[in-house]
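For reference, input_7.txt (compact mmCIF, C-alpha atoms):
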```
# COMPACT_ATOMS: atom_id res chain seq x y z
CA MET X 1 101.26 124.81 106.01
CA HIS X 2 102.55 121.74 107.80
CA GLU X 3 105.09 123.85 109.72
CA PHE X 4 102.73 124.31 112.67
CA ALA X 5 102.17 120.56 113.03
CA ILE X 6 105.92 119.98 112.77
CA ALA X 7 106.67 122.66 115.40
CA ARG X 8 104.11 121.24 117.80
CA SER X 9 105.34 117.66 117.41
CA LEU X 10 108.95 118.78 117.74
CA VAL X 11 108.28 120.68 120.97
CA ASP X 12 106.18 117.82 122.40
CA ALA X 13 109.01 115.36 121.70
CA ALA X 14 111.64 117.72 123.18
CA ILE X 15 109.60 118.20 126.36
CA ASP X 16 109.32 114.43 126.65
CA VAL X 17 113.10 114.03 126.31
CA ALA X 18 113.66 116.81 128.88
CA ARG X 19 111.28 115.23 131.37
CA ASN X 20 113.06 111.87 131.16
CA ALA X 21 116.47 113.53 131.60
CA GLY X 22 115.49 115.80 134.50
CA VAL X 23 115.91 118.98 132.45
CA SER X 24 113.80 121.83 133.84
CA ARG X 25 114.43 124.47 131.15
CA ILE X 26 115.21 123.79 127.49
CA THR X 27 117.55 126.32 125.89
CA ARG X 28 117.90 124.76 122.45
CA ILE X 29 116.13 122.22 120.29
CA ARG X 30 118.15 120.64 117.49
CA CYS X 31 116.49 118.99 114.52
CA ARG X 32 117.34 117.58 111.11
CA ILE X 33 115.04 118.39 108.20
CA GLY X 34 115.46 117.15 104.63
CA ASP X 35 114.66 119.27 101.58
CA LEU X 36 111.92 116.86 100.53
CA GLN X 37 109.88 117.83 103.58
CA GLN X 38 109.49 121.26 101.96
CA VAL X 39 109.64 123.06 105.29
CA ASP X 40 109.97 126.85 105.24
CA GLY X 41 112.46 127.92 107.92
CA ASP X 42 110.80 131.28 108.67
CA LEU X 43 107.34 129.75 108.98
CA LEU X 44 108.71 126.98 111.19
CA GLY X 45 110.42 129.60 113.36
CA ASP X 46 107.19 131.55 113.81
CA ALA X 47 105.22 128.40 114.59
CA PHE X 48 107.97 127.27 116.97
CA SER X 49 107.79 130.53 118.99
CA ALA X 50 104.01 130.26 119.22
CA VAL X 51 104.12 126.64 120.36
CA CYS X 52 106.91 127.22 122.91
CA ASP X 53 105.01 130.00 124.67
CA GLY X 54 104.27 129.07 128.28
CA THR X 55 106.30 125.84 128.20
CA VAL X 56 109.77 124.84 129.45
CA CYS X 57 110.95 125.67 125.91
CA GLU X 58 109.89 129.32 126.15
CA ALA X 59 113.46 130.62 125.90
CA ALA X 60 114.70 127.92 123.52
CA ASP X 61 116.20 128.56 120.13
CA LEU X 62 115.71 126.23 117.24
CA CYS X 63 118.69 124.84 115.32
CA ILE X 64 117.85 123.27 111.99
CA GLU X 65 120.33 121.00 110.24
CA ARG X 66 119.32 120.75 106.58
CA THR X 67 119.88 117.59 104.54
CA HIS X 68 119.56 117.15 100.80
CA MET X 69 118.35 114.54 98.37
CA ALA X 70 121.21 113.02 96.38
CA PHE X 71 121.13 110.93 93.23
CA ASP X 72 123.32 107.91 92.53
CA CYS X 73 123.90 107.29 88.83
CA GLU X 74 123.31 103.66 87.89
CA ARG X 75 125.77 103.75 84.98
CA CYS X 76 128.86 105.68 86.10
CA GLY X 77 128.34 105.77 89.86
CA THR X 78 128.47 109.58 90.13
CA THR X 79 126.63 110.98 93.15
CA PHE X 80 125.05 114.39 92.55
CA LEU X 81 122.61 116.76 94.21
CA VAL X 82 119.35 117.86 92.65
CA GLY X 83 119.75 120.39 89.85
CA GLU X 84 117.21 123.06 89.04
CA TRP X 85 115.38 121.13 86.36
CA ASP X 86 117.52 118.49 84.71
CA TRP X 87 117.82 115.39 86.84
CA SER X 88 120.12 113.47 84.51
CA CYS X 89 123.67 112.60 85.64
CA PRO X 90 126.22 115.41 85.13
CA GLY X 91 128.93 112.75 84.69
CA CYS X 92 127.49 110.69 81.83
CA GLY X 93 124.04 112.10 81.02
CA GLU X 94 122.32 108.85 82.09
CA SER X 95 118.71 109.29 83.19
CA GLY X 96 118.46 106.13 85.32
CA SER X 97 119.76 107.57 88.55
CA HIS X 98 118.11 106.86 91.89
CA ALA X 99 117.24 109.32 94.64
CA ARG X 100 118.32 108.82 98.22
CA GLY X 101 117.90 110.81 101.44
CA GLY X 102 116.46 114.27 101.88
CA ASP X 103 113.31 113.08 103.64
CA GLU X 104 114.62 113.32 107.21
CA LEU X 105 112.42 114.91 109.88
CA GLU X 106 114.08 114.18 113.19
CA LEU X 107 114.66 115.60 116.64
CA ILE X 108 118.40 115.08 117.19
CA GLY X 109 118.96 116.73 120.54
CA ILE X 110 118.17 119.28 123.20
CA ASP X 111 120.30 121.52 125.39
CA GLY X 112 119.00 122.64 128.74
CA GLU X 113 119.44 123.29 132.40
CA LEU X 114 119.20 120.50 134.90
CA ASN X 115 116.77 120.74 137.77
CA ASP X 116 119.72 121.89 139.96
CA GLY X 117 120.21 124.97 137.72
CA ASN X 118 123.39 123.89 135.81
CA GLN X 119 123.88 125.76 132.51
CA SER X 120 123.48 124.27 129.07
CA ALA X 121 125.91 123.93 126.15
CA PRO X 122 127.23 127.02 124.29
CA LYS X 123 125.14 129.00 121.80
CA CYS X 124 124.12 127.42 118.53
CA VAL X 125 125.89 128.67 115.39
CA MET D 1 125.84 121.75 131.46
CA MET D 2 123.44 119.42 129.74
CA GLU D 3 123.47 118.45 126.10
CA ILE D 4 121.26 115.52 125.25
CA LYS D 5 121.58 113.72 121.93
CA VAL D 6 118.57 111.76 120.72
CA LEU D 7 117.20 110.52 117.43
CA ARG D 8 113.44 110.69 117.29
CA ASN D 9 111.05 111.00 114.41
CA VAL D 10 109.31 114.35 114.86
CA PHE D 11 105.90 112.78 114.20
CA GLU D 12 106.40 110.00 116.73
CA LYS D 13 103.00 110.63 118.36
CA ASN D 14 101.22 110.49 115.01
CA ASP D 15 103.21 107.39 114.09
CA ARG D 16 102.07 105.63 117.28
CA ALA D 17 98.41 106.29 116.39
CA ALA D 18 99.15 105.16 112.83
CA GLU D 19 100.61 101.91 114.15
CA GLN D 20 97.43 101.32 116.19
CA ASN D 21 95.35 101.85 113.05
CA ARG D 22 97.53 99.40 111.14
CA GLU D 23 97.19 96.81 113.91
CA LEU D 24 93.40 97.23 113.76
CA PHE D 25 93.43 96.70 109.97
CA ASP D 26 95.67 93.65 110.31
CA ARG D 27 93.45 92.12 113.01
CA ARG D 28 90.45 92.51 110.74
CA HIS D 29 92.35 91.31 107.62
CA ILE D 30 91.76 94.66 105.95
CA THR D 31 94.07 96.33 103.43
CA CYS D 32 94.24 100.11 103.72
CA ILE D 33 95.25 102.48 100.92
CA ASN D 34 96.09 106.18 101.37
CA LEU D 35 95.12 108.08 98.21
CA LEU D 36 97.10 111.31 97.82
CA GLY D 37 97.17 114.15 95.32
CA GLY D 38 96.59 117.84 94.70
CA ALA D 39 93.20 119.54 94.77
CA GLY D 40 91.29 118.76 91.57
CA SER D 41 93.71 116.03 90.46
CA GLY D 42 90.84 113.56 90.16
CA LYS D 43 91.01 111.48 93.36
CA THR D 44 87.25 111.39 93.94
CA ALA D 45 86.52 110.79 90.26
CA MET D 46 88.99 107.88 90.37
CA LEU D 47 87.13 106.41 93.36
CA GLU D 48 83.82 106.80 91.53
CA SER D 49 85.33 104.75 88.69
CA ILE D 50 87.12 101.99 90.59
CA VAL D 51 84.87 101.44 93.62
CA PRO D 52 81.96 99.94 91.59
CA ILE D 53 84.41 97.50 89.92
CA LEU D 54 86.15 96.58 93.18
CA SER D 55 82.81 96.15 94.94
CA GLN D 56 82.00 93.20 92.68
CA SER D 57 84.51 91.06 94.56
CA LEU D 58 85.60 93.04 97.63
CA ARG D 59 83.87 94.79 100.53
CA VAL D 60 85.11 98.36 100.19
CA GLY D 61 84.84 101.24 102.69
CA VAL D 62 85.99 104.82 102.21
CA LEU D 63 87.26 107.50 104.59
CA GLU D 64 86.79 110.80 102.81
CA GLY D 65 89.12 113.58 103.96
CA ASP D 66 88.28 117.20 103.23
CA LEU D 67 88.78 120.68 104.63
CA ALA D 68 85.05 121.42 104.49
CA THR D 69 81.69 120.20 103.09
CA THR D 70 80.40 116.64 102.75
CA ARG D 71 80.14 116.80 98.97
CA ASP D 72 82.76 114.15 98.23
CA ALA D 73 81.34 111.76 100.83
CA GLU D 74 77.92 112.15 99.19
CA ARG D 75 79.46 111.24 95.82
CA ILE D 76 80.95 108.07 97.36
CA ALA D 77 77.77 107.21 99.31
CA ALA D 78 75.93 107.18 95.97
CA LEU D 79 78.07 104.12 95.09
CA ASN D 80 76.42 102.20 97.96
CA VAL D 81 79.57 101.59 99.98
CA PRO D 82 80.16 102.63 103.61
CA VAL D 83 81.77 106.06 103.79
CA VAL D 84 82.78 108.35 106.66
CA GLN D 85 83.55 112.02 106.10
CA LEU D 86 86.61 113.35 107.94
CA LEU D 87 86.60 117.14 108.13
CA THR D 88 89.84 118.89 109.05
CA ASN D 89 88.07 122.27 109.33
CA GLY D 90 90.77 124.06 107.38
CA GLY D 91 93.65 121.72 108.31
CA CYS D 92 95.71 120.86 105.25
CA HIS D 93 96.21 117.14 105.90
CA LEU D 94 94.75 114.12 107.67
CA ASN D 95 96.52 112.72 110.70
CA ALA D 96 96.35 109.26 112.23
CA THR D 97 94.22 110.34 115.21
CA LEU D 98 91.52 111.83 112.99
CA VAL D 99 91.53 108.61 110.98
CA GLN D 100 91.19 106.66 114.24
CA HIS D 101 87.96 108.55 115.02
CA GLY D 102 86.62 107.87 111.53
CA LEU D 103 87.42 104.19 111.83
CA GLU D 104 85.18 103.82 114.89
CA ALA D 105 82.19 104.30 112.57
CA LEU D 106 83.59 102.59 109.48
CA MET D 107 84.59 99.46 111.39
CA GLN D 108 80.91 98.72 112.12
CA HIS D 109 81.07 97.12 108.66
CA GLU D 110 82.89 93.96 107.59
CA LEU D 111 85.44 95.15 105.02
CA ASP D 112 88.32 93.88 102.88
CA LEU D 113 89.62 97.23 101.64
CA VAL D 114 89.60 100.71 103.18
CA ILE D 115 90.55 103.60 100.93
CA ILE D 116 91.41 106.89 102.64
CA GLU D 117 91.06 109.84 100.29
CA ASN D 118 93.38 112.46 101.72
CA VAL D 119 92.84 116.23 101.65
CA GLY D 120 93.63 117.63 98.19
CA ASN D 121 97.16 118.94 98.69
CA PRO D 122 100.39 117.77 97.05
CA ILE D 123 102.68 118.63 99.99
CA CYS D 124 101.53 118.21 103.61
CA PRO D 125 99.60 114.89 103.53
CA ALA D 126 102.75 113.06 102.39
CA ASN D 127 104.32 113.72 105.83
CA PHE D 128 101.70 111.82 107.79
CA ASP D 129 101.45 108.07 108.17
CA LEU D 130 97.78 107.21 108.70
CA GLY D 131 98.28 103.48 109.28
CA GLU D 132 97.86 102.57 105.63
CA HIS D 133 99.61 99.59 104.04
CA LEU D 134 100.13 101.27 100.68
CA ARG D 135 100.07 104.71 99.16
CA MET D 136 98.73 105.66 95.77
CA SER D 137 99.37 109.13 94.33
CA VAL D 138 97.38 110.91 91.67
CA LEU D 139 98.92 113.31 89.14
CA SER D 140 96.65 114.83 86.51
CA VAL D 141 98.01 115.90 83.14
CA THR D 142 96.42 119.33 83.61
CA GLU D 143 98.71 119.97 86.60
CA GLY D 144 101.89 119.78 84.51
CA ASP D 145 104.78 117.35 84.04
CA ASP D 146 106.99 119.33 86.45
CA LYS D 147 105.10 118.10 89.54
CA PRO D 148 107.35 115.11 90.38
CA GLN D 149 110.22 117.62 90.69
CA LYS D 150 108.15 120.15 92.61
CA TYR D 151 106.52 117.71 95.02
CA PRO D 152 109.00 114.81 95.20
CA LEU D 153 107.72 113.35 98.47
CA LEU D 154 104.32 112.76 96.85
CA PHE D 155 106.00 110.33 94.45
CA LYS D 156 108.93 108.98 96.45
CA ALA D 157 107.28 106.90 99.14
CA VAL D 158 104.30 105.44 97.23
CA GLN D 159 103.57 102.09 95.60
CA ALA D 160 101.56 103.42 92.63
CA VAL D 161 101.18 106.66 90.71
CA LEU D 162 98.04 107.19 88.66
CA ILE D 163 98.44 109.70 85.84
CA THR D 164 94.87 110.92 85.44
CA LYS D 165 92.90 112.83 82.78
CA CYS D 166 95.03 111.24 80.03
CA ASP D 167 92.18 111.85 77.54
CA LEU D 168 93.27 115.53 77.74
CA LEU D 169 96.89 114.82 76.69
CA PRO D 170 96.38 116.16 73.13
CA PHE D 171 95.24 119.49 74.55
CA VAL D 172 97.85 120.15 77.27
CA ASP D 173 101.60 120.62 77.35
CA PHE D 174 102.38 117.51 79.40
CA ASP D 175 105.35 115.32 78.46
CA ILE D 176 104.28 112.00 79.92
CA GLU D 177 107.67 110.37 79.28
CA ARG D 178 109.44 113.15 81.19
CA ALA D 179 106.99 112.83 84.11
CA LYS D 180 107.46 109.05 84.16
CA ALA D 181 111.27 109.35 84.01
CA ASP D 182 111.29 111.74 86.99
CA ILE D 183 108.92 109.50 88.96
CA ARG D 184 111.23 106.53 88.17
CA ARG D 185 114.25 108.43 89.50
CA LEU D 186 112.43 109.13 92.75
CA ASN D 187 110.84 105.73 92.94
CA PRO D 188 112.09 102.92 90.69
CA THR D 189 109.54 100.34 91.83
CA ALA D 190 106.20 102.22 91.81
CA ALA D 191 103.53 101.09 89.34
CA ILE D 192 102.77 104.00 86.98
CA LEU D 193 99.33 103.75 85.37
CA ARG D 194 97.81 105.98 82.66
CA THR D 195 94.16 106.64 83.31
CA SER D 196 91.09 108.68 82.47
CA SER D 197 88.08 108.37 84.73
CA GLN D 198 86.00 110.32 82.23
CA ARG D 199 86.76 107.96 79.32
CA GLY D 200 87.32 104.77 81.33
CA ILE D 201 90.98 104.46 80.27
CA GLY D 202 93.16 102.31 82.54
CA ILE D 203 90.45 101.96 85.16
CA GLU D 204 90.44 98.15 84.99
CA ASP D 205 94.22 98.21 85.44
CA VAL D 206 93.94 100.27 88.63
CA ALA D 207 91.20 97.97 89.95
CA ASP D 208 93.28 94.88 89.04
CA TRP D 209 96.34 96.31 90.77
CA LEU D 210 94.36 96.96 93.95
CA ARG D 211 92.57 93.60 93.83
CA GLN D 212 95.89 91.83 93.48
CA ILE D 213 97.33 93.68 96.49
CA VAL D 214 94.30 92.79 98.63
CA ASN D 215 94.40 89.14 97.50
CA GLU D 216 98.13 88.84 98.19
CA ARG D 217 97.72 90.27 101.67
CA GLN D 218 94.74 88.04 102.44
CA SER D 219 96.55 84.93 101.27
CA LEU D 220 99.47 85.86 103.52
CA VAL D 221 97.08 86.01 106.46
CA ALA D 222 95.43 82.74 105.47
CA ALA D 223 98.79 80.92 105.24
CA PRO D 224 99.58 78.79 108.30
```

As structure tokens, the full file:
Amino acid sequence: MHEFAIARSLVDAAIDVARNAGVSRITRIRCRIGDLQQVDGDLLGDAFSAVCDGTVCEAADLCIERTHMAFDCERCGTTFLVGEWDWSCPGCGESGSHARGGDELELIGIDGELNDGNQSAPKCV
Amino acid sequence: MMEIKVLRNVFEKNDRAAEQNRELFDRRHITCINLLGGAGSGKTAMLESIVPILSQSLRVGVLEGDLATTRDAERIAALNVPVVQLLTNGGCHLNATLVQHGLEALMQHELDLVIIENVGNPICPANFDLGEHLRMSVLSVTEGDDKPQKYPLLFKAVQAVLITKCDLLPFVDFDIERAKADIRRLNPTAAILRTSSQRGIGIEDVADWLRQIVNERQSLVAAP
């Protein structure tokens, strides 16, 4: 259950960004999370709501951009995503492929209202 | 309208504390290892095997992470090396700040090597930098050869993987070549060592690997 620690760190970092930018109310927090972090979206959402309570993020929604681990085959150069069980290359069957990416855990942006009350960017899809 | 783009590691605060820990280790010419693995994978048993060998030539200290009880710290204290118990009180991983508190006591001793035994958990601890220089993961053959695929982060960003309880290989359905191949795909450069703490298999190799790392780092410091 690392989702709570992730939610708390995410909100702390977002509040810090907002403070530096003169944002008084955060309406959205955008983050990038790789599959390898094994973060459950529902659990993160619940933790996020709990952590946001009573802060400038209280009304914020959370947008998660998911990234995936990819393999590069050493022999034929095919790039492929992780299969269910077999990690060998679908192009040539080679087993010596190397993993890359999928371990991202980043705050990539916030939307919010400026201290003068200007509205934020449109709703997250 | 205000849309602010940034790029910040979510665990930036933890990483700052981790960097302070690393600076402390570097100042004191200490090498720090973060030992990771699931509950019951054999982390403490591995320490009981390697610490007496390492202690012949190095001053070793241990930070023992656990959810509850001081049982593991008592096992390490019996080896006559300095040990500090870090209790997370139910938390599933160590973080750099907790380690910082533990180091206040451990740093009363002159040390060459600090080993942090993380909380037994194959997922969460891998997210948190503690200020270590190297990571060593433990995978026991009783856990199954599918674990590199199930917990890839535990094997991706480490310098060594110890496959433990290898004396039990004849009795369990564990394809060691498959496990090694999957670890290689995640991490082509990690040292993969077959061990059994119970039977003393591969223990000298683990101790040698660690001794070499410590010596290399100390000679770097000693160089003008």

X:Glu58, X:Thr79, X:Asn115, X:Phe48 ranked by distance to Ala5 of chain X, top pick (using all atoms listed in the file):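 Looking only at the distances to Ala5 of chain X, the closest residue turns out to be X:Phe48.
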
Between atom CA of Gly41 of chain X and atom CA of Ala17 of chain D - distance in Å to one decimal: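 A separation of 27.1 Å between them.
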
Close residues, Leu193 of chain D itself excluded, 10 Å, only C-alpha atoms, min 2 positions apart in chain, as an NGL selection string: :D and (138 or 160-164 or 180 or 190-191 or 195 or 201-203 or 205-206 or 209)

Test item: chain D residues at most 6 Å from chain X, counting only C-alpha atoms, as a VMD selection string: chain D and resid 1 to 11 124 153 185 to 186

Å distance separating atom CA of His109 of chain D from atom CA of Glu216 of chain D, one decimal place: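 Separation of atom CA of His109 of chain D and atom CA of Glu216 of chain D: 21.7 Å.
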
Separation of atom CA of Leu87 of chain D from atom CA of Ala18 of chain D in Å: 18.0 Å

So for segment 111-127 of chain D, what box centre and size do we get, axis-aligned, 8 Å extra on each of the six sides, every listed atom, Å to one decimal, as AutoDock Vina command-line options?
```
--center_x 94.9 --center_y 106.4 --center_z 101.4 --size_x 34.9 --size_y 41.1 --size_z 24.8
```
